[in-house]
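Data file: input-v6.cif. Format and content: mmCIF, C-alpha atoms and all ligand atoms.
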```cif
data_structure
#
loop_
_atom_site.label_atom_id
_atom_site.label_comp_id
_atom_site.auth_asym_id
_atom_site.auth_seq_id
_atom_site.Cartn_x
_atom_site.Cartn_y
_atom_site.Cartn_z
CA MET A 44 -78.70 198.31 -104.19
CA LYS A 45 -74.88 198.47 -104.30
CA GLU A 46 -73.22 199.44 -100.99
CA GLN A 47 -71.02 202.55 -101.27
CA VAL A 48 -67.43 201.78 -100.23
CA ASN A 49 -64.16 203.66 -100.55
CA TYR A 50 -61.49 202.01 -102.64
CA SER A 51 -57.84 203.03 -102.69
CA PRO A 52 -55.68 200.77 -104.92
CA GLY A 53 -52.76 199.42 -102.91
CA LEU A 54 -54.52 200.84 -99.79
CA ASP A 55 -52.67 204.10 -100.58
CA GLY A 56 -53.30 206.60 -97.78
CA ILE A 57 -55.49 204.20 -95.75
CA ILE A 58 -54.91 204.06 -91.97
CA ALA A 59 -54.64 200.33 -91.14
CA ALA A 60 -53.79 200.44 -87.43
CA GLU A 61 -53.23 202.56 -84.36
CA THR A 62 -49.69 202.14 -83.08
CA LYS A 63 -47.33 203.51 -80.45
CA LEU A 64 -44.32 202.08 -82.30
CA SER A 65 -43.48 204.27 -85.26
CA PHE A 66 -44.69 206.89 -87.71
CA LEU A 67 -43.25 208.44 -90.89
CA ASP A 68 -43.71 212.15 -90.27
CA THR A 69 -43.21 213.58 -93.74
CA VAL A 70 -44.08 217.11 -92.59
CA GLN A 71 -41.28 217.31 -90.02
CA SER A 72 -39.10 214.83 -91.97
CA GLU A 73 -38.79 212.38 -89.08
CA ILE A 74 -38.97 208.61 -88.80
CA VAL A 75 -40.54 208.59 -85.36
CA ILE A 76 -39.72 205.48 -83.30
CA ARG A 77 -41.50 205.64 -79.94
CA GLY A 78 -41.10 209.42 -79.97
CA TYR A 79 -37.46 209.59 -81.18
CA ASP A 80 -36.21 210.31 -84.70
CA LEU A 81 -34.49 207.20 -86.10
CA ILE A 82 -32.04 209.32 -88.10
CA ASP A 83 -30.96 211.24 -84.97
CA LEU A 84 -30.64 207.92 -83.12
CA SER A 85 -28.50 206.47 -85.93
CA GLU A 86 -25.83 209.01 -85.01
CA THR A 87 -25.87 208.40 -81.26
CA VAL A 88 -26.92 204.80 -80.49
CA GLY A 89 -26.70 201.34 -82.04
CA TYR A 90 -29.06 198.55 -83.10
CA LEU A 91 -29.47 197.05 -79.63
CA GLU A 92 -30.69 200.34 -78.19
CA ILE A 93 -33.42 200.34 -80.87
CA VAL A 94 -34.29 196.74 -79.95
CA ASN A 95 -34.78 197.83 -76.34
CA LEU A 96 -36.68 200.93 -77.38
CA LEU A 97 -39.11 198.94 -79.52
CA LEU A 98 -39.61 196.00 -77.17
CA GLN A 99 -39.32 197.68 -73.74
CA GLY A 100 -40.44 201.19 -74.64
CA ARG A 101 -37.25 202.99 -73.56
CA LEU A 102 -33.65 203.60 -74.57
CA PRO A 103 -31.53 201.41 -72.26
CA ASP A 104 -28.75 202.55 -69.94
CA ALA A 105 -25.46 200.60 -70.10
CA GLU A 106 -26.65 198.00 -67.58
CA GLU A 107 -29.94 197.33 -69.32
CA LYS A 108 -28.17 197.11 -72.69
CA ALA A 109 -25.70 194.57 -71.29
CA GLY A 110 -28.61 192.53 -69.91
CA LEU A 111 -30.34 192.61 -73.30
CA GLU A 112 -27.18 191.51 -75.12
CA LYS A 113 -26.75 188.64 -72.66
CA ALA A 114 -30.38 187.58 -73.11
CA LEU A 115 -29.95 187.52 -76.90
CA LYS A 116 -26.67 185.59 -76.66
CA ASN A 117 -28.46 182.97 -74.57
CA GLU A 118 -30.77 182.46 -77.56
CA TYR A 119 -28.08 182.21 -80.29
CA GLU A 120 -28.14 178.42 -80.76
CA ILE A 121 -30.52 177.01 -83.36
CA PRO A 122 -31.84 173.42 -83.10
CA VAL A 123 -29.58 171.02 -85.05
CA GLU A 124 -32.69 169.66 -86.78
CA ILE A 125 -33.19 173.07 -88.39
CA LEU A 126 -29.72 172.82 -89.92
CA LYS A 127 -30.69 169.34 -91.14
CA ILE A 128 -33.88 170.74 -92.73
CA LEU A 129 -31.85 173.50 -94.40
CA ARG A 130 -29.41 170.89 -95.76
CA LEU A 131 -32.33 169.09 -97.44
CA LEU A 132 -33.26 172.16 -99.50
CA PRO A 133 -32.31 172.18 -103.19
CA GLU A 134 -29.02 174.02 -103.88
CA LYS A 135 -30.75 176.72 -105.92
CA THR A 136 -33.07 177.71 -103.03
CA HIS A 137 -32.95 181.47 -102.46
CA PRO A 138 -31.73 182.33 -98.93
CA MET A 139 -35.05 184.17 -98.34
CA ASP A 140 -36.92 180.92 -99.00
CA ALA A 141 -34.56 179.05 -96.70
CA LEU A 142 -35.11 181.72 -94.03
CA ARG A 143 -38.88 181.36 -94.43
CA THR A 144 -38.54 177.61 -93.89
CA GLY A 145 -36.22 178.05 -90.90
CA ILE A 146 -38.48 180.53 -89.09
CA SER A 147 -41.53 178.40 -89.77
CA ALA A 148 -39.76 175.32 -88.35
CA LEU A 149 -38.91 177.17 -85.10
CA ALA A 150 -42.61 177.08 -84.14
CA GLY A 151 -42.35 173.37 -83.38
CA TYR A 152 -39.76 174.04 -80.67
CA ASP A 153 -41.98 176.44 -78.72
CA ALA A 154 -43.48 174.67 -75.72
CA ASN A 155 -46.04 177.49 -75.21
CA ILE A 156 -47.03 177.88 -78.84
CA ASP A 157 -50.70 178.56 -77.98
CA ASP A 158 -49.91 181.37 -75.52
CA ARG A 159 -50.43 184.83 -77.09
CA SER A 160 -49.78 186.87 -73.93
CA ALA A 161 -47.48 189.90 -74.23
CA SER A 162 -44.95 188.38 -71.80
CA VAL A 163 -44.63 185.10 -73.75
CA ASN A 164 -44.58 186.97 -77.08
CA LEU A 165 -41.75 189.10 -75.68
CA GLU A 166 -39.73 185.99 -74.73
CA ARG A 167 -40.37 184.71 -78.27
CA ALA A 168 -39.16 188.01 -79.72
CA TYR A 169 -35.82 187.58 -77.89
CA LYS A 170 -35.62 183.98 -79.11
CA LEU A 171 -36.15 185.14 -82.67
CA LEU A 172 -33.69 188.02 -82.36
CA GLY A 173 -31.11 185.53 -81.08
CA LYS A 174 -31.74 182.88 -83.73
CA VAL A 175 -32.67 184.70 -86.96
CA PRO A 176 -29.10 185.95 -87.67
CA ALA A 177 -27.81 182.37 -87.27
CA ILE A 178 -30.53 181.05 -89.62
CA VAL A 179 -29.77 183.80 -92.17
CA ALA A 180 -26.01 183.25 -92.10
CA ASN A 181 -26.03 179.47 -91.94
CA SER A 182 -28.81 178.85 -94.45
CA TYR A 183 -26.65 180.79 -96.93
CA ARG A 184 -23.58 178.80 -95.90
CA VAL A 185 -25.36 175.43 -96.08
CA LEU A 186 -26.85 176.20 -99.52
CA ASN A 187 -23.39 177.20 -100.74
CA LYS A 188 -21.75 174.06 -99.33
CA GLN A 189 -19.78 176.05 -96.76
CA GLU A 190 -19.11 174.99 -93.18
CA VAL A 191 -21.61 176.22 -90.59
CA VAL A 192 -20.16 179.04 -88.45
CA LEU A 193 -21.27 178.82 -84.85
CA PRO A 194 -22.07 182.05 -83.00
CA ASN A 195 -19.20 183.73 -81.15
CA LYS A 196 -20.52 185.12 -77.87
CA ASP A 197 -17.36 187.18 -77.32
CA LEU A 198 -18.38 189.46 -80.18
CA SER A 199 -21.04 192.16 -80.13
CA TYR A 200 -24.46 191.23 -81.61
CA SER A 201 -23.75 192.88 -84.99
CA SER A 202 -20.14 191.68 -85.18
CA ASN A 203 -21.26 188.14 -84.51
CA PHE A 204 -23.88 188.38 -87.26
CA TYR A 205 -21.24 189.64 -89.72
CA TYR A 206 -18.83 186.95 -88.51
CA MET A 207 -21.34 184.11 -89.02
CA ILE A 208 -21.97 185.30 -92.60
CA THR A 209 -18.37 185.91 -93.69
CA GLY A 210 -16.32 183.81 -91.24
CA LYS A 211 -14.34 187.01 -90.47
CA VAL A 212 -14.47 189.37 -87.49
CA PRO A 213 -15.28 192.84 -88.89
CA SER A 214 -12.99 195.85 -88.37
CA ALA A 215 -14.31 198.59 -86.07
CA VAL A 216 -15.46 200.64 -89.09
CA GLU A 217 -17.13 197.63 -90.74
CA GLU A 218 -18.89 196.75 -87.48
CA LYS A 219 -20.13 200.34 -87.01
CA ILE A 220 -21.51 200.60 -90.55
CA PHE A 221 -23.11 197.13 -90.48
CA ASP A 222 -24.72 197.90 -87.11
CA GLN A 223 -25.97 201.25 -88.47
CA SER A 224 -27.54 199.48 -91.46
CA LEU A 225 -29.39 197.11 -89.09
CA LEU A 226 -30.60 200.10 -87.09
CA LEU A 227 -31.88 201.83 -90.24
CA TYR A 228 -33.71 198.67 -91.35
CA SER A 229 -35.13 197.94 -87.84
CA GLU A 230 -38.61 199.47 -88.11
CA HIS A 231 -40.55 201.58 -90.61
CA GLU A 232 -44.21 201.98 -89.68
CA MET A 233 -46.55 199.98 -91.98
CA PRO A 234 -44.69 198.54 -94.99
CA ASN A 235 -46.20 195.56 -96.76
CA SER A 236 -44.31 193.01 -94.62
CA THR A 237 -45.43 194.60 -91.34
CA PHE A 238 -48.99 194.79 -92.59
CA THR A 239 -48.72 191.11 -93.59
CA ALA A 240 -47.50 190.18 -90.10
CA ARG A 241 -50.29 192.14 -88.43
CA VAL A 242 -52.95 190.67 -90.73
CA ILE A 243 -51.75 187.14 -89.88
CA ALA A 244 -51.49 187.94 -86.15
CA SER A 245 -55.02 189.37 -86.21
CA THR A 246 -56.47 185.86 -86.65
CA LEU A 247 -54.70 185.05 -83.33
CA SER A 248 -52.16 183.02 -85.26
CA ASP A 249 -48.68 182.89 -83.70
CA LEU A 250 -45.57 185.06 -83.98
CA TYR A 251 -43.67 182.47 -86.08
CA GLY A 252 -46.51 182.33 -88.61
CA ALA A 253 -46.72 186.13 -88.75
CA LEU A 254 -42.97 186.38 -89.37
CA THR A 255 -42.99 183.55 -91.90
CA GLY A 256 -45.57 185.49 -93.92
CA ALA A 257 -43.52 188.66 -93.50
CA VAL A 258 -40.45 186.93 -95.00
CA ALA A 259 -42.50 186.07 -98.09
CA SER A 260 -43.67 189.68 -98.34
CA LEU A 261 -40.21 191.16 -97.88
CA LYS A 262 -38.74 188.90 -100.58
CA GLY A 263 -40.60 190.72 -103.37
CA SER A 264 -38.54 193.10 -105.51
CA LEU A 265 -40.96 195.97 -104.89
CA HIS A 266 -40.07 195.67 -101.19
CA GLY A 267 -36.94 194.17 -99.54
CA GLY A 268 -35.88 192.24 -102.64
CA ALA A 269 -34.93 195.57 -104.21
CA ASN A 270 -31.57 195.70 -102.40
CA GLU A 271 -30.16 192.64 -104.16
CA ALA A 272 -31.71 193.75 -107.47
CA VAL A 273 -29.91 197.11 -107.16
CA MET A 274 -26.58 195.35 -106.70
CA TYR A 275 -27.05 193.12 -109.75
CA MET A 276 -27.90 196.22 -111.79
CA LEU A 277 -24.77 198.08 -110.60
CA LEU A 278 -22.56 195.06 -111.35
CA GLU A 279 -24.18 194.50 -114.76
CA ALA A 280 -23.24 198.08 -115.71
CA GLY A 281 -19.81 198.27 -114.06
CA THR A 282 -19.03 201.88 -115.08
CA VAL A 283 -20.75 205.25 -114.76
CA ASP A 284 -21.33 205.52 -118.55
CA LYS A 285 -22.81 202.03 -118.82
CA PHE A 286 -24.97 202.55 -115.73
CA GLU A 287 -26.39 205.77 -117.21
CA ARG A 288 -27.20 203.93 -120.45
CA LEU A 289 -28.70 200.99 -118.56
CA LEU A 290 -31.02 203.28 -116.61
CA GLU A 291 -31.99 205.27 -119.70
CA GLY A 292 -32.77 202.02 -121.55
CA LYS A 293 -34.90 200.70 -118.70
CA LEU A 294 -36.80 203.98 -118.44
CA ALA A 295 -37.38 204.01 -122.21
CA ASN A 296 -38.84 200.48 -121.82
CA LYS A 297 -41.05 201.78 -118.97
CA GLU A 298 -39.30 199.46 -116.50
CA LYS A 299 -39.12 200.29 -112.82
CA ILE A 300 -35.68 201.08 -111.48
CA MET A 301 -35.01 199.18 -108.27
CA GLY A 302 -33.96 201.30 -105.31
CA PHE A 303 -35.98 204.37 -106.38
CA GLY A 304 -39.38 205.59 -105.28
CA HIS A 305 -41.29 204.94 -102.10
CA ARG A 306 -44.99 204.99 -101.25
CA VAL A 307 -44.41 207.53 -98.48
CA TYR A 308 -41.31 209.46 -99.67
CA MET A 309 -42.06 209.35 -103.42
CA LYS A 310 -40.95 212.92 -104.12
CA LYS A 311 -37.92 213.12 -101.83
CA MET A 312 -35.02 211.03 -100.70
CA ASP A 313 -35.58 208.39 -98.04
CA PRO A 314 -33.62 209.92 -95.11
CA ARG A 315 -32.16 206.49 -94.30
CA ALA A 316 -30.63 206.35 -97.80
CA LEU A 317 -28.62 209.49 -97.08
CA ILE A 318 -26.99 207.84 -94.04
CA MET A 319 -26.04 204.80 -96.12
CA LYS A 320 -24.79 207.09 -98.90
CA GLN A 321 -22.38 208.65 -96.40
CA ALA A 322 -21.32 205.16 -95.25
CA LEU A 323 -20.69 204.17 -98.89
CA LYS A 324 -18.46 207.23 -99.33
CA GLN A 325 -16.53 206.29 -96.20
CA LEU A 326 -16.02 202.69 -97.38
CA CYS A 327 -15.07 203.77 -100.93
CA ASP A 328 -12.57 206.35 -99.61
CA ALA A 329 -11.03 203.77 -97.28
CA LYS A 330 -10.57 201.32 -100.19
CA GLY A 331 -9.43 204.05 -102.60
CA ASP A 332 -12.09 202.89 -105.08
CA ASP A 333 -15.00 205.25 -105.66
CA ARG A 334 -16.57 203.47 -108.66
CA LEU A 335 -19.76 202.37 -106.89
CA TYR A 336 -20.22 205.77 -105.24
CA LYS A 337 -19.83 207.56 -108.58
CA MET A 338 -22.26 205.17 -110.30
CA CYS A 339 -24.87 205.62 -107.58
CA GLU A 340 -24.58 209.39 -107.73
CA ALA A 341 -24.95 209.33 -111.52
CA GLY A 342 -28.06 207.15 -111.12
CA GLU A 343 -29.54 209.66 -108.69
CA VAL A 344 -29.04 212.50 -111.21
CA ILE A 345 -30.74 210.57 -114.03
CA MET A 346 -33.69 209.49 -111.90
CA GLU A 347 -34.30 212.98 -110.58
CA ARG A 348 -34.05 214.50 -114.05
CA GLU A 349 -36.10 211.88 -115.92
CA LYS A 350 -38.68 210.84 -113.32
CA GLY A 351 -38.47 213.20 -110.34
CA LEU A 352 -37.71 210.10 -108.21
CA TYR A 353 -35.23 209.67 -105.35
CA PRO A 354 -33.37 206.75 -103.75
CA ASN A 355 -34.82 204.61 -101.00
CA LEU A 356 -32.73 202.82 -98.37
CA ASP A 357 -32.18 199.74 -100.57
CA TYR A 358 -30.35 201.82 -103.24
CA TYR A 359 -27.47 202.69 -100.91
CA ALA A 360 -27.63 199.70 -98.52
CA ALA A 361 -26.82 197.38 -101.46
CA PRO A 362 -23.43 198.89 -102.44
CA VAL A 363 -22.60 199.34 -98.75
CA TYR A 364 -23.12 195.59 -98.21
CA TYR A 365 -21.04 194.89 -101.32
CA MET A 366 -18.17 197.01 -99.99
CA LEU A 367 -18.51 195.15 -96.67
CA GLY A 368 -17.87 191.91 -98.57
CA LEU A 369 -21.32 190.40 -97.96
CA PRO A 370 -22.78 187.96 -100.52
CA ILE A 371 -25.52 189.53 -102.64
CA SER A 372 -28.20 186.87 -102.13
CA ILE A 373 -28.08 187.50 -98.40
CA TYR A 374 -28.87 191.26 -98.56
CA THR A 375 -32.64 190.78 -98.23
CA PRO A 376 -32.30 188.20 -95.43
CA ILE A 377 -30.11 190.72 -93.57
CA PHE A 378 -32.87 193.31 -94.02
CA PHE A 379 -35.35 190.80 -92.58
CA SER A 380 -33.11 189.96 -89.66
CA ALA A 381 -32.84 193.66 -88.78
CA ARG A 382 -36.63 194.07 -89.18
CA THR A 383 -37.37 191.09 -86.87
CA VAL A 384 -37.55 193.47 -83.92
CA GLY A 385 -40.05 195.80 -85.57
CA LEU A 386 -42.19 192.89 -86.72
CA CYS A 387 -42.21 191.31 -83.24
CA ALA A 388 -43.17 194.63 -81.66
CA HIS A 389 -46.05 195.00 -84.13
CA VAL A 390 -47.33 191.46 -83.51
CA ILE A 391 -47.20 192.01 -79.73
CA GLU A 392 -49.14 195.25 -80.18
CA GLN A 393 -51.67 193.56 -82.50
CA HIS A 394 -52.28 190.71 -80.06
CA ALA A 395 -52.64 193.14 -77.15
CA ASN A 396 -55.46 195.04 -78.85
CA ASN A 397 -56.80 192.80 -81.54
CA ARG A 398 -59.55 192.97 -84.10
CA ILE A 399 -59.36 190.62 -87.07
CA PHE A 400 -58.51 192.33 -90.41
CA ARG A 401 -61.34 191.63 -92.80
CA PRO A 402 -61.85 194.30 -95.48
CA ARG A 403 -64.47 194.28 -98.27
CA VAL A 404 -64.27 194.49 -102.07
CA ASN A 405 -65.75 196.47 -104.90
CA TYR A 406 -67.18 193.60 -106.94
CA ILE A 407 -66.68 194.31 -110.65
CA GLY A 408 -67.54 190.84 -111.99
CA GLU A 409 -70.72 189.64 -113.60
CA ARG A 410 -74.05 188.97 -111.86
CA HIS A 411 -76.36 186.31 -113.21
CA ASN A 412 -80.10 186.33 -112.78
CA ARG A 413 -81.14 183.90 -109.99
CA ASN A 414 -84.11 182.65 -112.01
CA VAL A 415 -81.82 181.66 -114.88
CA ILE A 416 -79.68 179.51 -112.49
CA SER A 417 -82.60 177.79 -110.76
CA ASN A 418 -84.45 176.98 -114.06
C1 LIG A 501 -36.82 199.47 -98.06
C2 LIG A 501 -37.91 199.27 -99.08
O1 LIG A 501 -38.56 198.25 -99.14
S1 LIG A 501 -38.19 200.60 -100.08
C3 LIG A 501 -38.97 199.96 -101.54
C4 LIG A 501 -37.99 199.18 -102.37
N1 LIG A 501 -38.56 198.91 -103.68
C5 LIG A 501 -38.04 199.40 -104.81
O2 LIG A 501 -37.02 200.07 -104.81
C6 LIG A 501 -38.74 199.01 -106.08
C7 LIG A 501 -38.87 200.20 -107.04
N2 LIG A 501 -39.89 201.13 -106.59
C8 LIG A 501 -41.22 200.91 -106.80
O3 LIG A 501 -41.61 199.94 -107.48
C9 LIG A 501 -42.23 201.86 -106.20
O4 LIG A 501 -41.67 203.15 -106.10
C10 LIG A 501 -42.74 201.40 -104.84
C11 LIG A 501 -43.22 199.93 -104.91
C12 LIG A 501 -41.61 201.49 -103.80
C13 LIG A 501 -43.90 202.29 -104.40
O5 LIG A 501 -44.99 201.99 -105.25
P1 LIG A 501 -46.31 202.88 -105.33
O6 LIG A 501 -46.41 203.76 -104.17
O7 LIG A 501 -47.43 201.96 -105.62
O8 LIG A 501 -46.05 203.80 -106.57
P2 LIG A 501 -46.30 203.47 -108.10
O9 LIG A 501 -45.65 202.19 -108.49
O10 LIG A 501 -47.75 203.60 -108.38
O11 LIG A 501 -45.51 204.66 -108.77
C14 LIG A 501 -46.03 205.98 -109.02
C15 LIG A 501 -45.44 206.47 -110.34
O12 LIG A 501 -44.02 206.55 -110.24
C16 LIG A 501 -43.37 205.63 -111.12
N3 LIG A 501 -42.33 204.93 -110.38
C17 LIG A 501 -42.34 204.64 -109.06
N4 LIG A 501 -41.21 204.01 -108.71
C18 LIG A 501 -40.49 203.91 -109.84
C19 LIG A 501 -39.23 203.36 -110.14
N5 LIG A 501 -38.50 202.79 -109.17
N6 LIG A 501 -38.77 203.43 -111.39
C20 LIG A 501 -39.49 204.02 -112.36
N7 LIG A 501 -40.71 204.56 -112.15
C21 LIG A 501 -41.20 204.50 -110.92
C22 LIG A 501 -44.46 204.63 -111.51
O13 LIG A 501 -44.20 204.04 -112.76
C23 LIG A 501 -45.67 205.50 -111.50
O14 LIG A 501 -45.68 206.28 -112.68
P3 LIG A 501 -47.05 206.59 -113.49
O15 LIG A 501 -47.87 207.38 -112.50
O16 LIG A 501 -46.57 207.34 -114.65
O17 LIG A 501 -47.64 205.25 -113.76
O1 LIG A 502 -41.97 201.56 -95.80
C1 LIG A 502 -42.04 200.84 -96.82
O2 LIG A 502 -43.06 200.72 -97.54
C2 LIG A 502 -40.86 200.04 -97.24
C3 LIG A 502 -39.63 200.41 -96.49
O3 LIG A 502 -39.01 201.41 -96.76
C4 LIG A 502 -39.24 199.57 -95.37
O4 LIG A 502 -39.92 198.58 -95.06
O5 LIG A 502 -38.22 199.88 -94.73
#
```
Could you spell out this file's structure in structure tokens?
Amino acid sequence: MKEQVNYSPGLDGIIAAETKLSFLDTVQSEIVIRGYDLIDLSETVGYLEIVNLLLQGRLPDAEEKAGLEKALKNEYEIPVEILKILRLLPEKTHPMDALRTGISALAGYDANIDDRSASVNLERAYKLLGKVPAIVANSYRVLNKQEVVLPNKDLSYSSNFYYMITGKVPSAVEEKIFDQSLLLYSEHEMPNSTFTARVIASTLSDLYGALTGAVASLKGSLHGGANEAVMYMLLEAGTVDKFERLLEGKLANKEKIMGFGHRVYMKKMDPRALIMKQALKQLCDAKGDDRLYKMCEAGEVIMEREKGLYPNLDYYAAPVYYMLGLPISIYTPIFFSARTVGLCAHVIEQHANNRIFRPRVNYIGERHNRNVISN
């Protein structure tokens, strides 16, 4: 007799874990991060406070924040062999694939690789938070035949990240907006990449492996890859009129429009997108060029009218990164770098209270009579 099992395509609505880290409260419209609303925090604190909140369970005072920044700076250097590995990659390698290789290679430098304790995982999380921005920035630079930019410890964490990518120290406004984007990308409950990391960690595999898998997950255009896809779409159109026609054409062809829709916020705007929309306005006003802002707004109107769909964070993060002068192929790696903290916190939590993920299937294939096979 067939066993009765529940099936929800895409695991829609299924509870996959118990967590103290975060929760999308759609009733009260809050992105709860250890009890605080991420949107409220985005107006009062920066990325490093969220790092402390996720990894230590509390918002830091000035002294604790300074200690955290120092600890991360001590982890900035990446092994020279990793740069050598990155140099061996074919020129056309996507920076997300290079990042996946770089994070995977870091495992070999961990003297305690078989230790899954929370304290050693926490040390690893700081290592990764120190090194991932350097891998992101310099894998892009190496693939594009640019000089490696070494970390500058005199700059803040976010400024240094921006500096390693562009070779320029950001202005105060650029630093603030870039830092805010990292904060908004830092943690988001149970997206596909976090689920991937937790599934891998649940076999008692290590943090590097869990994050390597999460990079692969985040690369997909239905997830983190959407931010670069949005930018290519905006540039392909170039004007409001052409963007409206492009979207209408895609919808007529039943194509998905990148940057719209979300499993959890499908019928309203991702609250993080609104913060990046405001940042885009600020950057456009400062440059006296509102073309991207106007195009994005026009896209919102069409998508609401035609599909009842609203922007997710990637829709507004993409033009913000463009206005900040960041190369398009590095948008998804930046998202990953920001998410490193959330992923590490989830892996630590998974290892602390583990049961291996092993779901079942509804078998819909054929069955052959045993007697027929044995005869
Ligand atoms: C930060 C992030 O990672 S946010 C996600 C970034 N990804 C994107 O922007 C990619 C575009 N968006 C999507 O593909 C989806 O909205 C997802 C992947 C985010 C969510 O997917 P799901 O929850 O599985 O929703 P699903 O794809 O089933 O969509 C439900 C309906 O809305 C439609 N829909 C959803 N998103 C879109 C879109 N972006 N463009 C056009 N139609 C869409 C679907 O075609 C479907 O319509 P139907 O019921 O008539 O078939
Ligand atoms: O929550 C999701 O499914 C995707 C997302 O917005 C994120 O990872 O930030």
Near-Gly173 in chain A list (10 Å; all atoms listed in the file; drop same-chain fewer than 5 positions) as a list in words:
Glu112, Lys113, Ala114, Leu115, Lys116, Asn117, Glu118, Tyr119, Glu120, Ile121, Arg167, Ala168, Ile178, Pro194, Tyr200, Phe204 and Ser380 of chain A
File dump, residues just selected, C-alpha atoms, as a short mmCIF file (atom, residue, chain, number, x, y, z; two decimals), keeping the file's coordinate frame:
```cif
data_model
loop_
_atom_site.label_atom_id
_atom_site.label_comp_id
_atom_site.auth_asym_id
_atom_site.auth_seq_id
_atom_site.Cartn_x
_atom_site.Cartn_y
_atom_site.Cartn_z
CA GLU A 112 -27.18 191.51 -75.12
CA LYS A 113 -26.75 188.64 -72.66
CA ALA A 114 -30.38 187.58 -73.11
CA LEU A 115 -29.95 187.52 -76.90
CA LYS A 116 -26.67 185.59 -76.66
CA ASN A 117 -28.46 182.97 -74.57
CA GLU A 118 -30.77 182.46 -77.56
CA TYR A 119 -28.08 182.21 -80.29
CA GLU A 120 -28.14 178.42 -80.76
CA ILE A 121 -30.52 177.01 -83.36
CA ARG A 167 -40.37 184.71 -78.27
CA ALA A 168 -39.16 188.01 -79.72
CA ILE A 178 -30.53 181.05 -89.62
CA PRO A 194 -22.07 182.05 -83.00
CA TYR A 200 -24.46 191.23 -81.61
CA PHE A 204 -23.88 188.38 -87.26
CA SER A 380 -33.11 189.96 -89.66
#
```
Return as a PyMOL selection string the residues of protein, DNA or RNA that approach ligand LIG 501 (chain A) to within 6 Å, with all atoms listed in the file taken into account.
chain A and resi 264-267+269+299-306+355-357
Which residues of chain A come within 9 Å of ligand LIG 502 (chain A), and for each one, what is the closest pair of atoms and their distance in Å to one decimal, counting all atoms listed in the file, sorted by chain and residue number, as JSON lines?
```
{"residue": "A:Leu67", "atom": "CA", "partner": "A:LIG502", "partner_atom": "O1", "distance": 8.5}
{"residue": "A:Leu227", "atom": "CA", "partner": "A:LIG502", "partner_atom": "O5", "distance": 8.0}
{"residue": "A:Tyr228", "atom": "CA", "partner": "A:LIG502", "partner_atom": "O5", "distance": 5.8}
{"residue": "A:Ser229", "atom": "CA", "partner": "A:LIG502", "partner_atom": "O5", "distance": 7.8}
{"residue": "A:Glu230", "atom": "CA", "partner": "A:LIG502", "partner_atom": "O5", "distance": 6.6}
{"residue": "A:His231", "atom": "CA", "partner": "A:LIG502", "partner_atom": "O5", "distance": 5.0}
{"residue": "A:Glu232", "atom": "CA", "partner": "A:LIG502", "partner_atom": "O1", "distance": 6.5}
{"residue": "A:Met233", "atom": "CA", "partner": "A:LIG502", "partner_atom": "O1", "distance": 6.2}
{"residue": "A:Pro234", "atom": "CA", "partner": "A:LIG502", "partner_atom": "O2", "distance": 3.7}
{"residue": "A:Asn235", "atom": "CA", "partner": "A:LIG502", "partner_atom": "O2", "distance": 6.1}
{"residue": "A:Ser236", "atom": "CA", "partner": "A:LIG502", "partner_atom": "O4", "distance": 7.1}
{"residue": "A:Thr237", "atom": "CA", "partner": "A:LIG502", "partner_atom": "O4", "distance": 7.7}
{"residue": "A:Leu261", "atom": "CA", "partner": "A:LIG502", "partner_atom": "O4", "distance": 7.9}
{"residue": "A:Leu265", "atom": "CA", "partner": "A:LIG502", "partner_atom": "C2", "distance": 8.7}
{"residue": "A:His266", "atom": "CA", "partner": "A:LIG502", "partner_atom": "C2", "distance": 5.9}
{"residue": "A:Gly267", "atom": "CA", "partner": "A:LIG502", "partner_atom": "O4", "distance": 7.0}
{"residue": "A:His305", "atom": "CA", "partner": "A:LIG502", "partner_atom": "O2", "distance": 6.5}
{"residue": "A:Arg306", "atom": "CA", "partner": "A:LIG502", "partner_atom": "O2", "distance": 6.0}
{"residue": "A:Val307", "atom": "CA", "partner": "A:LIG502", "partner_atom": "O1", "distance": 7.0}
{"residue": "A:Tyr308", "atom": "CA", "partner": "A:LIG502", "partner_atom": "O1", "distance": 8.8}
{"residue": "A:Asp313", "atom": "CA", "partner": "A:LIG502", "partner_atom": "O3", "distance": 7.9}
{"residue": "A:Arg315", "atom": "CA", "partner": "A:LIG502", "partner_atom": "O3", "distance": 8.9}
{"residue": "A:Asn355", "atom": "CA", "partner": "A:LIG502", "partner_atom": "O3", "distance": 6.8}
{"residue": "A:Leu356", "atom": "CA", "partner": "A:LIG502", "partner_atom": "O3", "distance": 6.6}
{"residue": "A:Asp357", "atom": "CA", "partner": "A:LIG502", "partner_atom": "O3", "distance": 8.0}
{"residue": "A:Phe378", "atom": "CA", "partner": "A:LIG502", "partner_atom": "O5", "distance": 8.5}
{"residue": "A:Arg382", "atom": "CA", "partner": "A:LIG502", "partner_atom": "O4", "distance": 8.1}
```
Env of Val242 in chain A: 8 Å cut, atoms = all atoms listed in the file, seq-sep filter 2 positions within chain, self excluded. Answer as an MDAnalysis selection string.
chainID A and resid 238:240 244:246 253 399:400
Mind writing the picked residues with C-alpha atoms as a PDB file, in the frame of the given file?
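Below is the file again06.pdb, written as the result:
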```
ATOM      1  CA  PHE A 238     -48.990 194.790 -92.590  1.00  0.00           C
ATOM      2  CA  THR A 239     -48.720 191.110 -93.590  1.00  0.00           C
ATOM      3  CA  ALA A 240     -47.500 190.180 -90.100  1.00  0.00           C
ATOM      4  CA  ALA A 244     -51.490 187.940 -86.150  1.00  0.00           C
ATOM      5  CA  SER A 245     -55.020 189.370 -86.210  1.00  0.00           C
ATOM      6  CA  THR A 246     -56.470 185.860 -86.650  1.00  0.00           C
ATOM      7  CA  ALA A 253     -46.720 186.130 -88.750  1.00  0.00           C
ATOM      8  CA  ILE A 399     -59.360 190.620 -87.070  1.00  0.00           C
ATOM      9  CA  PHE A 400     -58.510 192.330 -90.410  1.00  0.00           C
TER      10      PHE A 400
END
```
